[in-house]
Amino acid sequence: MVVLTAVIHKEEDMYVAECPEVGTVSQGKTIEEAVKNLKEATELYLEEFPLPEESPTLLTTFEVRAGEERVVKT
């Protein structure tokens, strides 16, 4: 058994769940359904493409400028 990460965001009337370690993505009408569908998609993916023995997960944050006008020189 391996513990993976689910990143979830809402798009219109659906929740989108992504597993950054594997790259799988799924969706559902609820958070629970999105995670359930992501788990199923990830299990199917890992049957075909197993994770390496040593696969450390790193999680960090970063800042970006949002909503500010950027000047582009040409």
# chains A, B, ... in the order shown; residues from 1 in each chain; ligands from 1
call {"tool": "select_by_dssp", "arguments": {"residues": "chain A", "states": "alpha helix (DSSP H)", "output": "JSON, numbers by chain"}}
result
{"A": [31, 32, 33, 34, 35, 36, 37, 38, 39, 40, 41, 42, 43, 44, 45, 46, 47, 48]}
call {"tool": "write_last_selection", "arguments": {"atoms": "N, CA and C atoms", "output": "CSV table (one decimal), in the first residue's frame"}}
result
chain,number,residue,atom,x,y,z
A,31,ILE,N,-16.7,16.0,-3.6
A,31,ILE,CA,-15.3,15.8,-3.3
A,31,ILE,C,-15.0,14.3,-3.1
A,32,GLU,N,-15.9,13.6,-2.4
A,32,GLU,CA,-15.8,12.2,-2.1
A,32,GLU,C,-15.8,11.4,-3.4
A,33,GLU,N,-16.7,11.7,-4.3
A,33,GLU,CA,-16.8,11.0,-5.6
A,33,GLU,C,-15.5,11.3,-6.4
A,34,ALA,N,-15.0,12.5,-6.4
A,34,ALA,CA,-13.8,12.8,-7.2
A,34,ALA,C,-12.6,12.0,-6.7
A,35,VAL,N,-12.5,11.9,-5.4
A,35,VAL,CA,-11.4,11.2,-4.8
A,35,VAL,C,-11.5,9.7,-5.0
A,36,LYS,N,-12.8,9.2,-4.9
A,36,LYS,CA,-13.0,7.8,-5.2
A,36,LYS,C,-12.7,7.4,-6.7
A,37,ASN,N,-13.1,8.3,-7.6
A,37,ASN,CA,-12.8,8.1,-9.0
A,37,ASN,C,-11.3,8.2,-9.3
A,38,LEU,N,-10.6,9.2,-8.6
A,38,LEU,CA,-9.2,9.3,-8.7
A,38,LEU,C,-8.4,8.1,-8.2
A,39,LYS,N,-8.9,7.5,-7.1
A,39,LYS,CA,-8.3,6.3,-6.6
A,39,LYS,C,-8.4,5.2,-7.6
A,40,GLU,N,-9.6,5.0,-8.2
A,40,GLU,CA,-9.8,3.9,-9.1
A,40,GLU,C,-8.9,4.2,-10.4
A,41,ALA,N,-8.8,5.4,-10.9
A,41,ALA,CA,-8.0,5.7,-12.0
A,41,ALA,C,-6.5,5.4,-11.7
A,42,THR,N,-6.1,5.8,-10.5
A,42,THR,CA,-4.7,5.7,-10.2
A,42,THR,C,-4.3,4.2,-10.0
A,43,GLU,N,-5.2,3.4,-9.4
A,43,GLU,CA,-5.0,2.0,-9.3
A,43,GLU,C,-4.8,1.3,-10.6
A,44,LEU,N,-5.7,1.7,-11.6
A,44,LEU,CA,-5.6,1.1,-12.9
A,44,LEU,C,-4.3,1.5,-13.6
A,45,TYR,N,-3.9,2.8,-13.4
A,45,TYR,CA,-2.7,3.3,-14.0
A,45,TYR,C,-1.5,2.5,-13.5
A,46,LEU,N,-1.5,2.4,-12.1
A,46,LEU,CA,-0.3,1.7,-11.5
A,46,LEU,C,-0.2,0.2,-11.8
A,47,GLU,N,-1.3,-0.4,-12.2
A,47,GLU,CA,-1.2,-1.8,-12.7
A,47,GLU,C,-0.3,-1.9,-13.9
A,48,GLU,N,-0.4,-0.9,-14.8
A,48,GLU,CA,0.3,-0.8,-16.0
A,48,GLU,C,1.7,-0.2,-15.8
call {"tool": "residues_around", "arguments": {"residues": "A:Pro20", "least_positions_apart": "4", "cutoff": "8 Å", "atoms": "only C-alpha atoms", "output": "ChimeraX atom specification"}}
result
/A:5-7,24
call {"tool": "write_last_selection", "arguments": {"atoms": "C-alpha atoms", "output": "compact mmCIF listing (two decimals), in the first residue's frame"}}
result
# COMPACT_ATOMS: atom_id res chain seq x y z
CA THR A 5 -1.71 13.01 -2.61
CA ALA A 6 -5.00 14.28 -4.05
CA VAL A 7 -5.18 17.94 -5.08
CA THR A 24 -3.74 10.86 -12.91
call {"tool": "closest_residue", "arguments": {"among": "A:Val16, A:Glu21, A:Val2, A:Ile8", "to": "A:Leu58", "atoms": "only C-alpha atoms"}}
result
A:Glu21
call {"tool": "closest_residue", "arguments": {"among": "A:His9, A:Pro56, A:Lys73, A:Phe62", "to": "A:Val25", "atoms": "only C-alpha atoms"}}
result
A:His9
call {"tool": "decode", "arguments": {"residues": "stretch 42-58 of chain A", "atoms": "all heavy atoms", "output": "tab-separated table (two decimals), in the first residue's frame"}}
result
chain	number	residue	atom	x	y	z
A	42	THR	N	-6.10	5.82	-10.54
A	42	THR	CA	-4.70	5.67	-10.16
A	42	THR	C	-4.34	4.20	-9.99
A	42	THR	O	-3.26	3.77	-10.42
A	42	THR	CB	-4.40	6.46	-8.87
A	42	THR	OG1	-4.74	7.84	-9.10
A	42	THR	CG2	-2.95	6.36	-8.48
A	43	GLU	N	-5.23	3.41	-9.40
A	43	GLU	CA	-4.97	1.97	-9.26
A	43	GLU	C	-4.83	1.31	-10.62
A	43	GLU	O	-3.94	0.50	-10.84
A	43	GLU	CB	-6.07	1.31	-8.44
A	43	GLU	CG	-6.01	1.65	-6.97
A	43	GLU	CD	-7.19	1.13	-6.17
A	43	GLU	OE1	-8.25	0.81	-6.76
A	43	GLU	OE2	-7.07	1.08	-4.93
A	44	LEU	N	-5.71	1.66	-11.57
A	44	LEU	CA	-5.62	1.11	-12.92
A	44	LEU	C	-4.32	1.53	-13.60
A	44	LEU	O	-3.65	0.72	-14.25
A	44	LEU	CB	-6.83	1.55	-13.75
A	44	LEU	CG	-8.16	0.93	-13.36
A	44	LEU	CD1	-9.31	1.62	-14.09
A	44	LEU	CD2	-8.15	-0.57	-13.62
A	45	TYR	N	-3.95	2.78	-13.43
A	45	TYR	CA	-2.70	3.29	-14.02
A	45	TYR	C	-1.49	2.54	-13.46
A	45	TYR	O	-0.59	2.14	-14.20
A	45	TYR	CB	-2.57	4.79	-13.76
A	45	TYR	CG	-1.30	5.39	-14.29
A	45	TYR	CD1	-1.21	5.81	-15.61
A	45	TYR	CD2	-0.18	5.52	-13.48
A	45	TYR	CE1	-0.03	6.35	-16.12
A	45	TYR	CE2	0.99	6.06	-13.97
A	45	TYR	CZ	1.07	6.47	-15.29
A	45	TYR	OH	2.24	6.99	-15.78
A	46	LEU	N	-1.48	2.35	-12.13
A	46	LEU	CA	-0.33	1.72	-11.48
A	46	LEU	C	-0.22	0.24	-11.81
A	46	LEU	O	0.86	-0.35	-11.67
A	46	LEU	CB	-0.38	1.94	-9.97
A	46	LEU	CG	-0.13	3.38	-9.53
A	46	LEU	CD1	-0.30	3.52	-8.03
A	46	LEU	CD2	1.24	3.87	-9.97
A	47	GLU	N	-1.32	-0.40	-12.24
A	47	GLU	CA	-1.23	-1.79	-12.70
A	47	GLU	C	-0.34	-1.86	-13.95
A	47	GLU	O	0.40	-2.81	-14.13
A	47	GLU	CB	-2.62	-2.34	-13.03
A	47	GLU	CG	-3.45	-2.67	-11.83
A	47	GLU	CD	-4.84	-3.15	-12.18
A	47	GLU	OE1	-5.12	-3.44	-13.37
A	47	GLU	OE2	-5.67	-3.24	-11.26
A	48	GLU	N	-0.44	-0.86	-14.79
A	48	GLU	CA	0.33	-0.82	-16.04
A	48	GLU	C	1.72	-0.19	-15.84
A	48	GLU	O	2.69	-0.59	-16.47
A	48	GLU	CB	-0.44	-0.03	-17.09
A	48	GLU	CG	0.15	-0.08	-18.47
A	48	GLU	CD	0.00	-1.43	-19.16
A	48	GLU	OE1	-0.94	-2.18	-18.83
A	48	GLU	OE2	0.84	-1.74	-20.01
A	49	PHE	N	1.79	0.84	-14.98
A	49	PHE	CA	3.03	1.59	-14.78
A	49	PHE	C	3.32	1.69	-13.28
A	49	PHE	O	3.01	2.70	-12.65
A	49	PHE	CB	2.92	2.99	-15.38
A	49	PHE	CG	2.53	3.01	-16.82
A	49	PHE	CD1	1.23	3.28	-17.20
A	49	PHE	CD2	3.46	2.74	-17.82
A	49	PHE	CE1	0.85	3.29	-18.54
A	49	PHE	CE2	3.11	2.75	-19.15
A	49	PHE	CZ	1.79	3.02	-19.51
A	50	PRO	N	3.91	0.66	-12.68
A	50	PRO	CA	4.17	0.67	-11.24
A	50	PRO	C	5.14	1.77	-10.82
A	50	PRO	O	5.99	2.19	-11.61
A	50	PRO	CB	4.78	-0.70	-10.96
A	50	PRO	CG	4.66	-1.48	-12.21
A	50	PRO	CD	4.36	-0.56	-13.33
A	51	LEU	N	4.97	2.23	-9.59
A	51	LEU	CA	5.90	3.22	-9.03
A	51	LEU	C	7.25	2.58	-8.75
A	51	LEU	O	7.30	1.40	-8.39
A	51	LEU	CB	5.35	3.79	-7.72
A	51	LEU	CG	4.16	4.72	-7.81
A	51	LEU	CD1	3.67	5.07	-6.41
A	51	LEU	CD2	4.52	5.99	-8.55
A	52	PRO	N	8.33	3.32	-8.88
A	52	PRO	CA	9.64	2.77	-8.50
A	52	PRO	C	9.66	2.47	-7.00
A	52	PRO	O	8.89	3.04	-6.23
A	52	PRO	CB	10.62	3.90	-8.83
A	52	PRO	CG	9.86	4.96	-9.52
A	52	PRO	CD	8.41	4.67	-9.36
A	53	GLU	N	10.55	1.59	-6.60
A	53	GLU	CA	10.67	1.21	-5.19
A	53	GLU	C	10.84	2.44	-4.29
A	53	GLU	O	10.15	2.60	-3.32
A	53	GLU	CB	11.87	0.27	-5.00
A	53	GLU	CG	11.67	-1.09	-5.59
A	53	GLU	CD	10.79	-1.98	-4.74
A	53	GLU	OE1	10.83	-1.87	-3.51
A	53	GLU	OE2	10.07	-2.80	-5.32
A	54	GLU	N	11.79	3.28	-4.62
A	54	GLU	CA	12.07	4.49	-3.86
A	54	GLU	C	11.43	5.66	-4.59
A	54	GLU	O	11.93	6.11	-5.61
A	54	GLU	CB	13.58	4.71	-3.72
A	54	GLU	CG	14.29	3.63	-2.95
A	54	GLU	CD	14.15	3.81	-1.45
A	54	GLU	OE1	14.10	4.96	-0.99
A	54	GLU	OE2	14.11	2.80	-0.75
A	55	SER	N	10.32	6.14	-4.10
A	55	SER	CA	9.63	7.25	-4.75
A	55	SER	C	9.22	8.27	-3.69
A	55	SER	O	8.07	8.32	-3.28
A	55	SER	CB	8.40	6.72	-5.50
A	55	SER	OG	7.77	7.78	-6.16
A	56	PRO	N	10.18	9.09	-3.24
A	56	PRO	CA	9.84	10.05	-2.18
A	56	PRO	C	8.88	11.12	-2.68
A	56	PRO	O	8.94	11.54	-3.84
A	56	PRO	CB	11.19	10.67	-1.81
A	56	PRO	CG	12.01	10.53	-3.04
A	56	PRO	CD	11.54	9.26	-3.70
A	57	THR	N	7.97	11.52	-1.83
A	57	THR	CA	7.03	12.58	-2.15
A	57	THR	C	7.48	13.86	-1.48
A	57	THR	O	7.73	13.89	-0.27
A	57	THR	CB	5.62	12.22	-1.66
A	57	THR	OG1	5.21	11.03	-2.30
A	57	THR	CG2	4.63	13.32	-1.96
A	58	LEU	N	7.61	14.91	-2.25
A	58	LEU	CA	7.98	16.21	-1.72
A	58	LEU	C	6.82	17.16	-1.94
A	58	LEU	O	6.24	17.19	-3.03
A	58	LEU	CB	9.24	16.74	-2.43
A	58	LEU	CG	10.45	15.82	-2.40
A	58	LEU	CD1	11.56	16.39	-3.26
A	58	LEU	CD2	10.93	15.63	-0.98
